[in-house]
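Participant: If you scroll down you'll find the structure; I have some questions about it.
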Protein chains: 2
Amino acid sequence: MAVHLEPPRPEDLLTITGVRLGVARAGIRKPGRKDLLVVALAEGARVAGVFTKNRFCAAPVLVCREHLAGEAPIRAVVVNTGVANAGTGEPGLADARAVCAAAAKLLQLEPGQVLPLSTGVIMEPLPVDRIEKGLPACVADLAPDHWVSAAEAIMTTDTVPKAVSRQAVIAGRTVTVSGIAKGAGMIQPDMATMLAIVATDAAVGEDTLQDLVRRAAEDSFNAITVDGDTSTNDTFLVVATGQAGNPEIVGEGTAEFGHLADAVTEVARLLAQAIVRDGEGATKFITIRVDEGASAQECRRVAKAIAHSPLVKTAFFASDPNLGRILAAIGNAGVADLDPALVGVQIGDVTVVENGGRAAAYTEAQGQEAMKPAEIAIRVTLGRGDESATVWTCDFSYDYVKINADYRS
Amino acid sequence: MAVHLEPPRPEDLLTITGVRLGVARAGIRKPGRKDLLVVALAEGARVAGVFTKNRFCAAPVLVCREHLAGEAPIRAVVVNTGVANAGTGEPGLADARAVCAAAAKLLQLEPGQVLPLSTGVIMEPLPVDRIEKGLPACVADLAPDHWVSAAEAIMTTDTVPKAVSRQAVIAGRTVTVSGIAKGAGMIQPDMATMLAIVATDAAVGEDTLQDLVRRAAEDSFNAITVDGDTSTNDTFLVVATGQAGNPEIVGEGTAEFGHLADAVTEVARLLAQAIVRDGEGATKFITIRVDEGASAQECRRVAKAIAHSPLVKTAFFASDPNLGRILAAIGNAGVADLDPALVGVQIGDVTVVENGGRAAAYTEAQGQEAMKPAEIAIRVTLGRGDESATVWTCDFSYDYVKINADYRS
C-alpha cells in the first residue's frame, strides 16, 4: 500500500561505468528470496559514506568506518538482508570481517577493500556460512544493468524496490547518477538512512566526495521520518567511479560540484521520499515545510515534532482535521522562546491557523477536504526569521501496528 | 481494555475536610454525560500547581498561573471536559475568565479566586454559555464525598475514572490525601499531567506546598508516557485545606514534610499509573527502570527513549521478543558517550542483553515467556554510575490507532 510509488522499471535505470551488481538467494532468513548483493567497483572508484549516530551502531557500520579510513581503496560492497548484525558484540564484528574476507577472496581483493552492509532483525547472529555459500552466485551474476534486481535484494518490510537514475552535464560531459535504497520502518535517519548506495561515473576528489555525501544526506535521508526510530545500521554510500571523462571535481565551491551535488541530492531525495511512500502501513505522503524560523535547525526540529506525533499521524490516517494536534506538536518542539501568537499553519491551500489560533475564515469542511488527498503539504510559519526546512513523513495506520507486531513471525 | 485497573468504589475514597465537589451534565460536547466539575475549597485552603511546558499552553493554564500568582486565596476550581480551550488565542483567554467570573458569582468569590481547567479537543471555542448554564447544578451538587463522581466528570477517552485516597500520621495527627486525574492520550507530561487534583487536609506553608507539588510530580506524572505527546493543558494541582489539626509544615527538610510528600506522591503515582493502565489502546503496563546511570536525568532519558519507540511498543503488544529494538532505542537516547559494551537488559527475570550483546544463556523461548504478562518490568543497566530512574508506559495496539483516528467523530 505504498503511496504513489511504482516499482522502478529496469530499463529506466542507467548503468554507471565501473559499477556491476550481482544478487543471490542465500536463504539468510527466509528461503527463496533475493537477500544477498555484491556491488563490484572498478579500479579508480572512490567511496564516501555517512552512518547512523545510534550509539548501538551495528558491527558492519563499525567495519565500514574502519575500511573507509584505511589505505586500500574500496572495490566492493556486500549487502545482506534478513539479519542486521547489530547488538551482537565482538562475535558480530568477527562475522562482518569474515564476510569481507570471503568476498575479497572471490574478487581477488584485500578484506579491507570490501564494505559490509546488513539490514534486518537486531540481536541475532549473522549466518556467515549461508552468506559465504551465496557469494559465488552473486559474483557470477555481476552485471552493470542489475540495479533493480539489486534494489530487490536489499528489501525487508519494503513493499516496492527503490531505484532512481538522473543525469547532469558537467564541464560539457554527461555524468550519470544511479542509486538504490531500502527502508520502511525504524526510519528517522540521523546522517543517513538504513542502506542507500548511490553511484556516479563522475570524477570527484576524495575529500570532495565526503563533502558531497554529507550535503546530499542533509536534504534527503536526514529529512525523512517514518516512526522516529533511528536504526542501528543506517548507511548511505556514494560511489564515484571517475569514468565519465570530466575533469576531477575538487572543492565544494565550484559550479561543477554544485551540478553534481544537485544530481546526487535529487537521486538521494527521490530514494528517501520512496522510503517514506513505502513507510510501514503508510496511506499518505506528507510534506512538512516550516518557514520563518530563526535557524534551519529549529525549523527542522518543529517539522520533526509534527512528523513524530502519533496523534498527528493518526489524524492524517483518518482524514480527521483535528488540527490542534499540530499546534500541540509545534509547542513541544523545544523552541523555548517561540511566541505562539505569531504561528500560522496551512494544510494545502487552506489557512488553518493565524496568529496562533484558529483562522477566522477556516471551516471544518475545508479542513476535511484538505486532509483527504494521498499527498498532503503542511506549511508552518513561525514568525521568527527567514530560515526554512522541509521534512517528509507518512501517516500512522492500523497496518503500521500490524506490520511491526508481526515482523518476525 | 485498561490494564488491571478497576473503577474506584465511592466508599474507598476518603473525604477531605474543607473540600466539596459537585458535577453537572452541561452538554459541552456531547449530551447526557457528566462534563462539568466544581471543586469548592473552604477558607484557609492553599493551592499550588505545576503546568504543561508546551509553548502552546492553553488559555485556562495561563489564567491558572495568573490567579495563583495573585493575592486572593484560591477557593474554587472549575473543570470542563470536551473542549480544551487551547489554540484559541485572545478569545480563549476571555472565555476562561468568563467561566471564572460565572463560578465566582455563584460562590460569592472574586474571579481571581477560581482556577479554570479544561480538557478535550484543541482549537475549538469553549461553549461558555453551556458552562454558565451548567454551573448552578454543580454548586447544588457540592458534597465532600463526590470524589468518584468528580473523577467521572473529567474523563475524555479514559475508560475508567481515576481516584485514590491515602492516609499518613504526621506529628500524631492522621492526615488524609485524596486525588483524581484524567488522561489516556497525548500523555507525556512535562511537569504535570493533563488534569490531576490532589487534596489533603494537612496544614502546609504556602512555599512548602509549591515544593511539595513539584516533588510529587517528579516521581509520578513526570515519569509516565503513553505516546510522547505533551498536552497543551497539563495541570496538576495540590490543595491543602489545613483542617487536620497538625502543626503547619514549613520547609522541605522536616520529617513531617517527608511523610506528607510520601503520601501525596503515592496518590499522585497511583493516579499517574492509572493513566498509563488506561492508556489509549493499552493491553500491557510496562515499568522501565534504568540503573547505573551517571545521572538520574540520563536514566530517565534512556527510559523515555524506550517508552516512546513505536517499534518497542508494538513488539510488546505482539508479545514478540524482538528485543534488539530496545537496544536501538537506548542507542538513540542521546547519551553521547554511552559505551554499548557495558549495557545490560532484563525483561522480568530473564537476562536478555549482557555486555551490549545477546546474553549467552538467553533463549527466544525465555523472551517470549517474559513478554506475555500484562505487567512487564524492563531493567536496563548502563554501567556508568549509581543513579536510577523509573518510567511507566503502555504498549501500542491497533486500538491506539482506532481511538485516535476516531476520537472526534
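To be explicit about the labels: the chains of the C-alpha cells are called A, B, and onward in the order shown, and within each one the residues are counted from 1, while ligands get numbers from 1 in the order they are shown.
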Go through chain B residue by residue and, counting only C-alpha atoms, keep those with an atom at most 8 Å from chain A; for each kept residue give the shortest atom pair and its distance in Å to one decimal, ordered by chain and increasing number, as CSV.

Facilitator:
residue,atom,partner,partner_atom,distance
B:Lys53,CA,A:Asn332,CA,7.7
B:Asn54,CA,A:Gly331,CA,4.8
B:Arg55,CA,A:Gly331,CA,4.3
B:Phe56,CA,A:Gly331,CA,4.8
B:Cys57,CA,A:Gly331,CA,7.7
B:Ala86,CA,A:Gly324,CA,7.8
B:Gly87,CA,A:Gly357,CA,4.8
B:Thr88,CA,A:Gly357,CA,4.8
B:Gly89,CA,A:Gly357,CA,5.0
B:Val121,CA,A:Gly324,CA,7.5
B:Ile122,CA,A:Gly324,CA,4.7
B:Met123,CA,A:Gly324,CA,5.1
B:Glu124,CA,A:Arg358,CA,7.7
B:Met186,CA,A:Leu311,CA,7.2
B:Asp227,CA,A:Pro310,CA,6.7
B:Gly228,CA,A:Ser309,CA,7.5
B:Asp229,CA,A:Ser309,CA,6.4
B:Thr230,CA,A:Asn332,CA,6.6
B:Ser231,CA,A:Ala328,CA,6.4
B:Thr232,CA,A:Ala328,CA,5.9
B:Ser309,CA,A:Asp229,CA,6.4
B:Pro310,CA,A:Asp227,CA,6.7
B:Leu311,CA,A:Asn404,CA,6.5
B:Thr314,CA,A:Ala405,CA,5.3
B:Ala315,CA,A:Ala405,CA,5.4
B:Phe317,CA,A:Ala405,CA,6.8
B:Ala318,CA,A:Ala405,CA,4.9
B:Asp320,CA,A:Ala405,CA,7.1
B:Asn322,CA,A:Arg408,CA,7.4
B:Leu323,CA,A:Met123,CA,7.4
B:Gly324,CA,A:Ile122,CA,4.6
B:Arg325,CA,A:Ile122,CA,6.9
B:Leu327,CA,A:Phe56,CA,6.7
B:Ala328,CA,A:Thr232,CA,5.9
B:Ala329,CA,A:Asp229,CA,7.1
B:Ile330,CA,A:Phe56,CA,7.7
B:Gly331,CA,A:Arg55,CA,4.2
B:Asn332,CA,A:Asn54,CA,5.1
B:Ala336,CA,A:Arg55,CA,7.4
B:Leu338,CA,A:Arg55,CA,6.8
B:Asp339,CA,A:Arg55,CA,7.7
B:Pro340,CA,A:Phe56,CA,5.9
B:Ala341,CA,A:Gly89,CA,7.2
B:Asn355,CA,A:Gly89,CA,7.6
B:Gly356,CA,A:Gly87,CA,6.2
B:Gly357,CA,A:Thr88,CA,4.7
B:Arg358,CA,A:Met123,CA,6.1
B:Phe396,CA,A:Val401,CA,7.4
B:Ser397,CA,A:Val401,CA,6.3
B:Tyr398,CA,A:Tyr398,CA,5.5
B:Val401,CA,A:Thr314,CA,6.0
B:Lys402,CA,A:Tyr398,CA,7.4
B:Asn404,CA,A:Thr314,CA,5.9
B:Ala405,CA,A:Ala318,CA,4.9
B:Asp406,CA,A:Ala318,CA,7.2
B:Arg408,CA,A:Asn322,CA,7.5

Participant: Can you list, as a list in words, all residues belonging to segment 33-104 of chain A that DSSP tags as helix (DSSP H, G or I)?

Facilitator: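 Selection result, helix (DSSP H, G or I) within segment 33-104 of chain A: Ala59, Pro60, Val61, Leu62, Val63, Cys64, Arg65, Glu66, His67, Leu68, Ala69, Gly89, Glu90, Pro91, Gly92, Leu93, Ala94, Asp95, Ala96, Arg97, Ala98, Val99, Cys100, Ala101, Ala102, Ala103 and Ala104 of chain A.
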
Participant: If we count only C-alpha atoms, what is near His146 of chain A at a cut-off of 9 Å, once residues fewer than 2 positions away on the same chain are taken out, given as a ChimeraX atom specification?

Facilitator: /A:10,13,15,20-23,141-144,148-151

Participant: How many Å separate atom CA of Asn246 of chain B from atom CA of Asp145 of chain B?

Facilitator: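 That distance, rounded to one decimal, is 22.3 Å.
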
Participant: Can you pull out every residue within 6 Å of Arg289 of chain B, counting only C-alpha atoms, but drop anything in the same chain fewer than 6 positions away, and send it as number ranges by chain?

Facilitator: B: 379, 389-390

Participant: Can you tell me, as a VMD selection string, what residues are no more than 12 Å from Leu260 of chain A when counting only C-alpha atoms, ignoring any on the same chain fewer than 4 positions away?

Facilitator: chain A and resid 166 to 171 173 to 177 199 to 204 208 to 209 211 to 213 215 to 216 238 240 246 248 to 256 264 to 267

Participant: Restricting the calculation to only C-alpha atoms: of A:Ala2, A:Ala307, A:Leu115, A:Val380, which residue gets closest to Thr157 of chain A?

Facilitator: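 Once distances to Thr157 of chain A are computed over only C-alpha atoms, the minimum belongs to A:Ala2.
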
Participant: Give me the residues near Asp278 of chain B as a VMD selection string, where near means some atom within 7 Å (using only C-alpha atoms) and where sequence neighbours in that chain fewer than 6 positions away do not count.

Facilitator: chain B and resid 2 to 3 158 to 160 184

Participant: Just asking: which residues within segment 35-175 of chain B are strand (DSSP E) according to DSSP, as a PyMOL selection string?

Facilitator: chain B and resi 36-41+46-51+76-83+114-121+162-170+173-175

Participant: Could you tell me which of A:Pro8, A:Gly348, A:Pro73, A:Gly383 comes closest to Gln366 of chain A if we count only C-alpha atoms?

Facilitator: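 Closest to Gln366 of chain A of all the choices is A:Gly348.
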
Participant: Would you please work out which residue, of A:Phe51, A:Trp147, A:Phe285, A:Phe236, is nearest to Lys372 of chain A when using only C-alpha atoms?

Facilitator: A:Phe285
